[in-house]
Amino acid sequence: MPSVRIPTPLRKLTAEQDEVIISSASIGELIEELENQFPGIKNRLCDEEGNIRRFINLYVNNEDIRFLQGKDTSLKDDDVVSIIPAIAGG
Amino acid sequence: MSFVKGLKCKECGEEYPTEPLHVCEICFGPLEAVYKYDEIKESISRDIIERRGNNIWRYKELMPIDKDPTIGLQVGYTPLVRAENLGNVLGASEIYIKNDSVCFPTLSFKDRVVSVALSKAKEFGFDTAACASTGNLANAVAALTTAGNVKSYIFIPYNLEQAKIVGTTVYGSNLIGIKGTYDDVNRLCSEIAGKFGWAFVNINMRPYYAEGSKSFAFEIMEQLGWRAPKHVVVPMASGSLLTKIWKAITEFETMGLIENNDTKVYGAQALGCSPITTALKNKWEIFKPVKPNTVAKSLAIGTPADGFYAMRVMNQSRGWGEDVTDAEIIDGIKLLAETEGIFTETAGGVTIAVTKKLMSQGILPKDESIVVSITGNGLKTQEAIVNDVSQPDVINAELEEFEELYECIVNNKQGGSQNAVSANSNTP
C-alpha cells in the first residue's frame with residue numbers, strides 16, 4: 001500500500017506519526033481515506049470546493065502531482081506520497 | 001523593546017505566538033510577522049533613523065526581533081546610484097540602481113534576510129542553522145553563521161555556478177549538493193526540517209527571514225530623500241522580495257515617514273522559469289509550476305511560494321510583470337556594466353532586460369522616477385557571460401607592438417564597431 005509522509009503541521013492529527021500507510025488507488029482516494037482515519041485532515045489539505053489548497057504541494061515519488069494527473073494521479077503499492085508546504089526562495 | 005505582536009496567517013488570519021513556525025496549522029498558508037504599529041510610530045522618526053549606523057538595523061523597530069541584533073551588524077545600506085548613462089541609453093530621465101551587488105559580506109541581498117533570520121534564531125536558542133539555496137542564500141548563511149558562531153548545513157542543487165560553491169565551502173560550512181532542481185532541494189529540506197531541530201532560515205524561520213527584505217526598500221526611500229519611487233522593478237524567484245518591498249513602502253507610509261506616491265511594482269522573470277509572469281499575463285488565479293531551464297539560476301524556482309502574493313501586489317499597485325530570454329539577460333548584464341560600471345549577476349540581467357522591455361512596450365514611463373533592483377554580483381555567475389565578453393589582446397612587452405595595437409583599437413572605435421579588437425589577440 002502507498003505510504004504518506006506527514007509534515008510537522010499535520011502530525012497533531014496523526015498522533016505524531018510522521019509516516020502512515022494508506023490503502024488507495026489515486027490521490028483523490030488517498031485524501032478521502034486519510035480523512036476516514038484522521039478526521040479533520042481533509043479540511044487542512046483541501047478548500048471548500050475540494051481542491052487542494054494553494055499552499056500545499058503533493059508529490060508522488062518526488063514528482064509534483066501538478067506535473068502528473070493532479071488528484072486523479074494513480075497510486076501503486078510501493079509509492080511514496082509527500083505533503084509539502086510551499087517554501088520561500090533561496 | 002519588542003514591537004512584534006506575533007505571527008499571523010496571510011490566508012485565514014489565524015494568529016500565532018512569536019515562535020519558529022512558518023505555516024498555518026489550519027490552512028497551510030504562510031505566516032507573517034505583525035507589529036504594534038502605533039507604538040513604533042511613537043518611537044521612530046526620520047531624524048532618529050538618520051542618526052543611526054549605516055546598516056539594516058537603523059530600521060530595527062520594523063524588524064521582527066525582540067532583543068538587539070547579534071548577527072550581521074554591518075549588513076546593508078548599499079548605494080542607490082543615479083544611473084544617468086543607463087538613462088541616456090534607455091531614454092529615461094530619472095532612473096536609479098539599488099546596488100546590492102556590493103552588499104556586505106557576500107555580495108547579494110540575501111545578507112539582509114539571513115542577518116535577520118540568524119539574529120532571530122539566536123533569540124530562539126538555536127545553535128545550528130540550515131537553508132535550501134540557489135546559491136546566494138548559501139553564501140550568506142555560510143559567511144554569517146561562521147562569523148556568528150553558529151553551525152550550518154546548506155543544501156543546493158549540485159550543478160550551481162562554481163563561484164557559489166566556493167563562496168560557501170570556503171567558510172567551512174557543511175555543503176550538500178542535491179541531484180535535482182531547487183524545487184527538489186526544497187522538498188527534501190522541508191522533510192529534513194521536520195526531523196532535525198535546526199533553524200532553517202527559509203523554512204521554519206521564514207516569517208522572520210523574509211522581513212529582512214524590507215530593508216532593501218526602506219533604504220531606497222530614505223536615499224531618495226524620504227520618498228517612494230513612482231516605479232520599482234524587482235526580480236522574482238519565489239516572489240518574496242517583491243511582496244516585502246511593497247510591505248516596506250506601506251509601512252513607511254503608515255509610520256508617516258513618507259507620503260503616498262502611488263508606487264507601481266513590476267516583477268521580472270527569466271522566460272525559462274516564468275511561472276509568476278505567465279500567470280499574471282494570463283490572469284490565472286494560481287500559477288502553474290514549471291521545470292526551470294534558464295541561465296538565471298538564482299531565479300530558477302519553478303514552484304514559487306509567494307507567487308500568488310507577488311501577482312496580487314503587481315495587480316494592486318497597477319504595475320506589471322515581464323519575462324526575458326537568456327540572450328536578453330546576457331545583454332542586460334552587459335548594458336548595466338557598460339553604462340554604469342556595475343557588474344551584476346544573471347538575476348540583475350533579468351531585471352535590466354525587463355526594465356528595457358517594459359519601456360519599449362510603453363508600460364514603464366520614461367519620464368518618471370524608476371528604481372531598478374540589482375540583487376547580486378556578476379563575479380558569482382561568470383560562466384553565464386564568459387563567452388559573450390571579449391578576451392584580452394595579448395602582445396609582447398614591446399612598445400611598438402602596443403602602438404600598433406593602439407592604432408587598431410582607435411580605428412575600430414572610430415569605425416563604430418562594438419567588438420573588441422582581435423587583430424593581435426592570438427599573439428603569444
# chains A, B, ... in the order shown; residues from 1 in each chain; ligands from 1
call {"tool": "closest_atom_pairs", "arguments": {"of": "chain B", "to": "chain A", "cutoff": "7 Å", "atoms": "only C-alpha atoms", "output": "Markdown table"}}
result
| residue | atom | partner | partner_atom | distance |
| --- | --- | --- | --- | --- |
| B:Glu25 | CA | A:Pro9 | CA | 5.4 |
| B:Ile26 | CA | A:Arg44 | CA | 5.8 |
| B:Cys27 | CA | A:Arg44 | CA | 5.3 |
| B:Phe28 | CA | A:Phe55 | CA | 6.0 |
| B:Gly29 | CA | A:Phe55 | CA | 5.9 |
| B:Ala132 | CA | A:Gly90 | CA | 6.3 |
| B:Ser133 | CA | A:Gly90 | CA | 4.3 |
| B:Thr134 | CA | A:Gly90 | CA | 5.3 |
| B:Leu137 | CA | A:Gly90 | CA | 5.4 |
| B:Asn186 | CA | A:Ile87 | CA | 6.9 |
| B:Arg187 | CA | A:Ile84 | CA | 6.6 |
| B:Ser190 | CA | A:Ile84 | CA | 6.8 |
| B:Gly194 | CA | A:Thr8 | CA | 5.7 |
| B:Asn202 | CA | A:Ala88 | CA | 5.6 |
| B:Ile203 | CA | A:Ile87 | CA | 6.1 |
| B:Arg206 | CA | A:Ala88 | CA | 6.8 |
| B:Ala237 | CA | A:Gly89 | CA | 6.3 |
| B:Ser238 | CA | A:Gly89 | CA | 4.7 |
| B:Ser240 | CA | A:Ala88 | CA | 6.8 |
| B:Ala305 | CA | A:Ala86 | CA | 5.0 |
| B:Asp306 | CA | A:Ala88 | CA | 6.9 |
call {"tool": "write_last_selection", "arguments": {"atoms": "N, CA and C atoms", "output": "short mmCIF file (atom, residue, chain, number, x, y, z; two decimals), in the first residue's frame"}}
result
data_model
loop_
_atom_site.label_atom_id
_atom_site.label_comp_id
_atom_site.auth_asym_id
_atom_site.auth_seq_id
_atom_site.Cartn_x
_atom_site.Cartn_y
_atom_site.Cartn_z
N GLU B 25 -1.38 26.08 10.84
CA GLU B 25 -1.80 24.69 11.10
C GLU B 25 -3.19 24.42 10.54
N ILE B 26 -3.94 25.46 10.28
CA ILE B 26 -5.30 25.26 9.82
C ILE B 26 -5.39 25.17 8.30
N CYS B 27 -4.71 26.09 7.60
CA CYS B 27 -4.90 26.11 6.14
C CYS B 27 -3.60 26.03 5.36
N PHE B 28 -2.46 25.87 6.07
CA PHE B 28 -1.16 25.76 5.42
C PHE B 28 -0.70 27.08 4.79
N GLY B 29 -1.42 28.15 5.00
CA GLY B 29 -1.00 29.44 4.46
C GLY B 29 0.27 29.90 5.16
N ALA B 132 17.89 25.86 2.22
CA ALA B 132 17.87 25.37 0.84
C ALA B 132 18.17 26.58 -0.01
N SER B 133 19.05 26.44 -0.99
CA SER B 133 19.50 27.65 -1.68
C SER B 133 19.78 27.44 -3.16
N THR B 134 19.60 28.51 -3.93
CA THR B 134 20.05 28.52 -5.31
C THR B 134 21.45 29.14 -5.41
N LEU B 137 21.84 32.58 -1.17
CA LEU B 137 21.47 32.35 0.23
C LEU B 137 22.51 31.46 0.90
N ASN B 186 14.24 21.94 -2.06
CA ASN B 186 13.26 22.47 -1.12
C ASN B 186 12.40 21.38 -0.50
N ARG B 187 11.96 20.46 -1.36
CA ARG B 187 11.11 19.38 -0.87
C ARG B 187 11.86 18.53 0.16
N SER B 190 12.38 20.45 3.42
CA SER B 190 11.16 20.51 4.19
C SER B 190 11.04 19.25 5.06
N GLY B 194 11.64 18.82 9.30
CA GLY B 194 10.70 18.16 10.20
C GLY B 194 11.38 17.18 11.14
N ASN B 202 14.96 29.56 5.55
CA ASN B 202 13.83 29.81 4.66
C ASN B 202 12.69 28.81 4.85
N ILE B 203 12.71 28.08 5.96
CA ILE B 203 11.58 27.20 6.25
C ILE B 203 10.95 27.62 7.59
N ARG B 206 11.23 31.34 8.16
CA ARG B 206 10.81 32.16 7.03
C ARG B 206 10.05 33.45 7.39
N ALA B 237 11.99 35.25 -7.85
CA ALA B 237 12.23 33.80 -7.81
C ALA B 237 11.02 33.20 -7.11
N SER B 238 11.00 33.26 -5.75
CA SER B 238 9.79 32.84 -5.03
C SER B 238 8.76 33.95 -5.00
N SER B 240 9.09 36.56 -2.98
CA SER B 240 9.08 37.12 -1.62
C SER B 240 9.58 38.56 -1.57
N ALA B 305 6.73 30.06 -3.85
CA ALA B 305 5.84 30.07 -2.69
C ALA B 305 5.05 31.36 -2.55
N ASP B 306 5.67 32.49 -2.92
CA ASP B 306 4.97 33.77 -2.78
C ASP B 306 4.45 34.28 -4.12
#
call {"tool": "residues_around", "arguments": {"residues": "Arg82 (chain B)", "least_positions_apart": "2", "cutoff": "12 Å", "atoms": "only C-alpha atoms", "output": "PyMOL selection string"}}
result
chain B and resi 79-80+84-88+92-99+220+223-224+339-340+369-372
call {"tool": "residues_around", "arguments": {"residues": "Gly348 (chain B)", "least_positions_apart": "3", "cutoff": "7 Å", "atoms": "only C-alpha atoms", "output": "tab-separated table (two decimals) with N, CA and C atoms, in the first residue's frame"}}
result
chain	number	residue	atom	x	y	z
B	333	ILE	N	23.01	42.25	-18.57
B	333	ILE	CA	24.21	42.31	-17.73
B	333	ILE	C	25.23	43.24	-18.36
B	344	THR	N	26.56	42.95	-12.54
B	344	THR	CA	25.56	42.18	-11.79
B	344	THR	C	25.49	40.74	-12.27
B	345	GLU	N	24.91	39.91	-11.45
B	345	GLU	CA	24.73	38.51	-11.83
B	345	GLU	C	23.51	38.38	-12.77
B	351	THR	N	16.51	41.76	-14.52
B	351	THR	CA	15.83	42.99	-14.12
B	351	THR	C	16.07	44.12	-15.11
B	352	ILE	N	17.32	44.26	-15.55
B	352	ILE	CA	17.64	45.30	-16.53
B	352	ILE	C	16.90	45.03	-17.85
B	374	ILE	N	18.93	45.68	-8.18
B	374	ILE	CA	20.05	44.80	-8.53
B	374	ILE	C	20.46	44.06	-7.27
B	375	THR	N	20.26	42.74	-7.27
B	375	THR	CA	20.32	41.98	-6.02
B	375	THR	C	21.54	41.09	-5.87
B	376	GLY	N	22.39	41.00	-6.91
B	376	GLY	CA	23.53	40.09	-6.78
B	376	GLY	C	24.69	40.48	-7.69
call {"tool": "residues_around", "arguments": {"residues": "Asn204 (chain B)", "least_positions_apart": "5", "cutoff": "9 Å", "atoms": "only C-alpha atoms", "output": "ChimeraX atom specification"}}
result
/B:19-23,193,198-199
call {"tool": "write_last_selection", "arguments": {"atoms": "N, CA and C atoms", "output": "PDB file, in the first residue's frame"}}
result
ATOM      1  N   GLU B  19       7.119  32.331  17.436  1.00  0.00           N
ATOM      2  CA  GLU B  19       7.845  31.061  17.566  1.00  0.00           C
ATOM      3  C   GLU B  19       8.391  30.657  16.212  1.00  0.00           C
ATOM      4  N   PRO B  20       9.309  29.666  16.189  1.00  0.00           N
ATOM      5  CA  PRO B  20       9.821  29.214  14.884  1.00  0.00           C
ATOM      6  C   PRO B  20       8.792  28.380  14.132  1.00  0.00           C
ATOM      7  N   LEU B  21       7.787  29.039  13.608  1.00  0.00           N
ATOM      8  CA  LEU B  21       6.718  28.402  12.834  1.00  0.00           C
ATOM      9  C   LEU B  21       6.686  29.056  11.472  1.00  0.00           C
ATOM     10  N   HIS B  22       6.227  28.344  10.462  1.00  0.00           N
ATOM     11  CA  HIS B  22       6.155  29.003   9.162  1.00  0.00           C
ATOM     12  C   HIS B  22       4.868  28.790   8.409  1.00  0.00           C
ATOM     13  N   VAL B  23       4.101  27.740   8.752  1.00  0.00           N
ATOM     14  CA  VAL B  23       2.821  27.586   8.056  1.00  0.00           C
ATOM     15  C   VAL B  23       1.681  27.477   9.052  1.00  0.00           C
ATOM     16  N   ALA B 193      13.807  19.395   7.730  1.00  0.00           N
ATOM     17  CA  ALA B 193      13.440  20.362   8.772  1.00  0.00           C
ATOM     18  C   ALA B 193      12.470  19.742   9.776  1.00  0.00           C
ATOM     19  N   TRP B 198      16.683  22.177  13.553  1.00  0.00           N
ATOM     20  CA  TRP B 198      17.552  23.289  13.167  1.00  0.00           C
ATOM     21  C   TRP B 198      16.739  24.531  12.819  1.00  0.00           C
ATOM     22  N   ALA B 199      17.416  25.662  12.790  1.00  0.00           N
ATOM     23  CA  ALA B 199      16.793  26.882  12.287  1.00  0.00           C
ATOM     24  C   ALA B 199      17.004  26.914  10.775  1.00  0.00           C
TER      25      ALA B 199
END
call {"tool": "atom_distance", "arguments": {"atom1": "CA of Val170 (chain B)", "atom2": "CA of Tyr77 (chain B)"}}
result
25.3 Å
call {"tool": "residues_around", "arguments": {"residues": "Asp77 (chain A)", "least_positions_apart": "2", "cutoff": "6 Å", "atoms": "only C-alpha atoms", "output": "list of chain:residue names"}}
result
A:Met1, A:Pro2, A:Asp79
call {"tool": "atom_distance", "arguments": {"atom1": "CA of Ser360 (chain B)", "atom2": "CA of Trp320 (chain B)"}}
result
13.7 Å
call {"tool": "select_by_dssp", "arguments": {"residues": "chain A", "states": "strand (DSSP E)", "output": "VMD selection string"}}
result
chain A and resid 3 to 5 19 to 21 56 to 60 63 to 64 80 to 85
call {"tool": "residues_around", "arguments": {"residues": "Val114 (chain B)", "least_positions_apart": "3", "cutoff": "12 Å", "atoms": "only C-alpha atoms", "output": "ChimeraX atom specification"}}
result
/A:90 /B:56,69-73,75-76,104-106,108-111,117-122,129-131,133,136-145,148,199-202,205-213
call {"tool": "decode", "arguments": {"residues": "region 50-78 of chain A", "atoms": "N, CA and C atoms", "output": "PDB file, in the first residue's frame"}}
result
ATOM      1  N   GLY A  50     -13.136  21.445  -2.410  1.00  0.00           N
ATOM      2  CA  GLY A  50     -12.476  20.155  -2.529  1.00  0.00           C
ATOM      3  C   GLY A  50     -11.170  20.187  -3.309  1.00  0.00           C
ATOM      4  N   ASN A  51     -10.770  21.380  -3.764  1.00  0.00           N
ATOM      5  CA  ASN A  51      -9.485  21.489  -4.475  1.00  0.00           C
ATOM      6  C   ASN A  51      -8.328  21.537  -3.470  1.00  0.00           C
ATOM      7  N   ILE A  52      -7.200  20.985  -3.880  1.00  0.00           N
ATOM      8  CA  ILE A  52      -6.040  21.014  -2.992  1.00  0.00           C
ATOM      9  C   ILE A  52      -5.628  22.468  -2.762  1.00  0.00           C
ATOM     10  N   ARG A  53      -5.370  22.827  -1.529  1.00  0.00           N
ATOM     11  CA  ARG A  53      -5.083  24.221  -1.181  1.00  0.00           C
ATOM     12  C   ARG A  53      -3.868  24.756  -1.917  1.00  0.00           C
ATOM     13  N   ARG A  54      -3.917  26.045  -2.142  1.00  0.00           N
ATOM     14  CA  ARG A  54      -2.899  26.756  -2.912  1.00  0.00           C
ATOM     15  C   ARG A  54      -1.477  26.577  -2.374  1.00  0.00           C
ATOM     16  N   PHE A  55      -1.352  26.428  -1.060  1.00  0.00           N
ATOM     17  CA  PHE A  55      -0.015  26.409  -0.466  1.00  0.00           C
ATOM     18  C   PHE A  55       0.473  25.013  -0.105  1.00  0.00           C
ATOM     19  N   ILE A  56      -0.176  24.007  -0.684  1.00  0.00           N
ATOM     20  CA  ILE A  56       0.253  22.638  -0.421  1.00  0.00           C
ATOM     21  C   ILE A  56       0.735  22.007  -1.709  1.00  0.00           C
ATOM     22  N   ASN A  57       1.909  21.414  -1.637  1.00  0.00           N
ATOM     23  CA  ASN A  57       2.423  20.675  -2.785  1.00  0.00           C
ATOM     24  C   ASN A  57       2.380  19.191  -2.444  1.00  0.00           C
ATOM     25  N   LEU A  58       1.800  18.399  -3.346  1.00  0.00           N
ATOM     26  CA  LEU A  58       1.763  16.955  -3.150  1.00  0.00           C
ATOM     27  C   LEU A  58       2.673  16.300  -4.174  1.00  0.00           C
ATOM     28  N   TYR A  59       3.468  15.374  -3.695  1.00  0.00           N
ATOM     29  CA  TYR A  59       4.416  14.687  -4.570  1.00  0.00           C
ATOM     30  C   TYR A  59       4.179  13.186  -4.498  1.00  0.00           C
ATOM     31  N   VAL A  60       4.264  12.523  -5.668  1.00  0.00           N
ATOM     32  CA  VAL A  60       4.260  11.066  -5.698  1.00  0.00           C
ATOM     33  C   VAL A  60       5.650  10.645  -6.169  1.00  0.00           C
ATOM     34  N   ASN A  61       6.361   9.942  -5.318  1.00  0.00           N
ATOM     35  CA  ASN A  61       7.745   9.545  -5.624  1.00  0.00           C
ATOM     36  C   ASN A  61       8.553  10.739  -6.131  1.00  0.00           C
ATOM     37  N   ASN A  62       8.461  11.829  -5.445  1.00  0.00           N
ATOM     38  CA  ASN A  62       9.263  13.024  -5.731  1.00  0.00           C
ATOM     39  C   ASN A  62       8.807  13.829  -6.948  1.00  0.00           C
ATOM     40  N   GLU A  63       7.691  13.463  -7.567  1.00  0.00           N
ATOM     41  CA  GLU A  63       7.176  14.261  -8.681  1.00  0.00           C
ATOM     42  C   GLU A  63       5.919  14.998  -8.240  1.00  0.00           C
ATOM     43  N   ASP A  64       5.906  16.307  -8.489  1.00  0.00           N
ATOM     44  CA  ASP A  64       4.760  17.153  -8.152  1.00  0.00           C
ATOM     45  C   ASP A  64       3.526  16.645  -8.908  1.00  0.00           C
ATOM     46  N   ILE A  65       2.403  16.453  -8.222  1.00  0.00           N
ATOM     47  CA  ILE A  65       1.227  15.888  -8.905  1.00  0.00           C
ATOM     48  C   ILE A  65       0.670  16.822  -9.977  1.00  0.00           C
ATOM     49  N   ARG A  66       1.062  18.112  -9.915  1.00  0.00           N
ATOM     50  CA  ARG A  66       0.602  19.015 -10.976  1.00  0.00           C
ATOM     51  C   ARG A  66       1.291  18.710 -12.307  1.00  0.00           C
ATOM     52  N   PHE A  67       2.424  17.977 -12.239  1.00  0.00           N
ATOM     53  CA  PHE A  67       3.061  17.505 -13.470  1.00  0.00           C
ATOM     54  C   PHE A  67       2.531  16.118 -13.847  1.00  0.00           C
ATOM     55  N   LEU A  68       1.725  15.504 -12.972  1.00  0.00           N
ATOM     56  CA  LEU A  68       1.126  14.186 -13.251  1.00  0.00           C
ATOM     57  C   LEU A  68      -0.354  14.433 -13.588  1.00  0.00           C
ATOM     58  N   GLN A  69      -1.265  13.749 -12.929  1.00  0.00           N
ATOM     59  CA  GLN A  69      -2.684  13.967 -13.255  1.00  0.00           C
ATOM     60  C   GLN A  69      -3.447  14.594 -12.094  1.00  0.00           C
ATOM     61  N   GLY A  70      -2.756  15.403 -11.288  1.00  0.00           N
ATOM     62  CA  GLY A  70      -3.418  16.076 -10.172  1.00  0.00           C
ATOM     63  C   GLY A  70      -4.058  15.081  -9.223  1.00  0.00           C
ATOM     64  N   LYS A  71      -5.304  15.337  -8.835  1.00  0.00           N
ATOM     65  CA  LYS A  71      -5.983  14.442  -7.892  1.00  0.00           C
ATOM     66  C   LYS A  71      -6.292  13.074  -8.498  1.00  0.00           C
ATOM     67  N   ASP A  72      -6.267  13.000  -9.824  1.00  0.00           N
ATOM     68  CA  ASP A  72      -6.522  11.708 -10.491  1.00  0.00           C
ATOM     69  C   ASP A  72      -5.253  10.858 -10.612  1.00  0.00           C
ATOM     70  N   THR A  73      -4.124  11.388 -10.176  1.00  0.00           N
ATOM     71  CA  THR A  73      -2.873  10.628 -10.266  1.00  0.00           C
ATOM     72  C   THR A  73      -3.047   9.275  -9.574  1.00  0.00           C
ATOM     73  N   SER A  74      -2.732   8.207 -10.310  1.00  0.00           N
ATOM     74  CA  SER A  74      -2.930   6.877  -9.722  1.00  0.00           C
ATOM     75  C   SER A  74      -1.759   6.496  -8.816  1.00  0.00           C
ATOM     76  N   LEU A  75      -2.047   5.622  -7.853  1.00  0.00           N
ATOM     77  CA  LEU A  75      -1.037   5.201  -6.882  1.00  0.00           C
ATOM     78  C   LEU A  75      -0.850   3.694  -6.936  1.00  0.00           C
ATOM     79  N   LYS A  76       0.411   3.267  -6.831  1.00  0.00           N
ATOM     80  CA  LYS A  76       0.728   1.842  -6.769  1.00  0.00           C
ATOM     81  C   LYS A  76       1.158   1.494  -5.344  1.00  0.00           C
ATOM     82  N   ASP A  77       1.356   0.217  -5.108  1.00  0.00           N
ATOM     83  CA  ASP A  77       1.615  -0.249  -3.746  1.00  0.00           C
ATOM     84  C   ASP A  77       2.823   0.380  -3.058  1.00  0.00           C
ATOM     85  N   ASP A  78       3.926   0.517  -3.820  1.00  0.00           N
ATOM     86  CA  ASP A  78       5.144   0.987  -3.148  1.00  0.00           C
ATOM     87  C   ASP A  78       5.373   2.496  -3.334  1.00  0.00           C
TER      88      ASP A  78
END
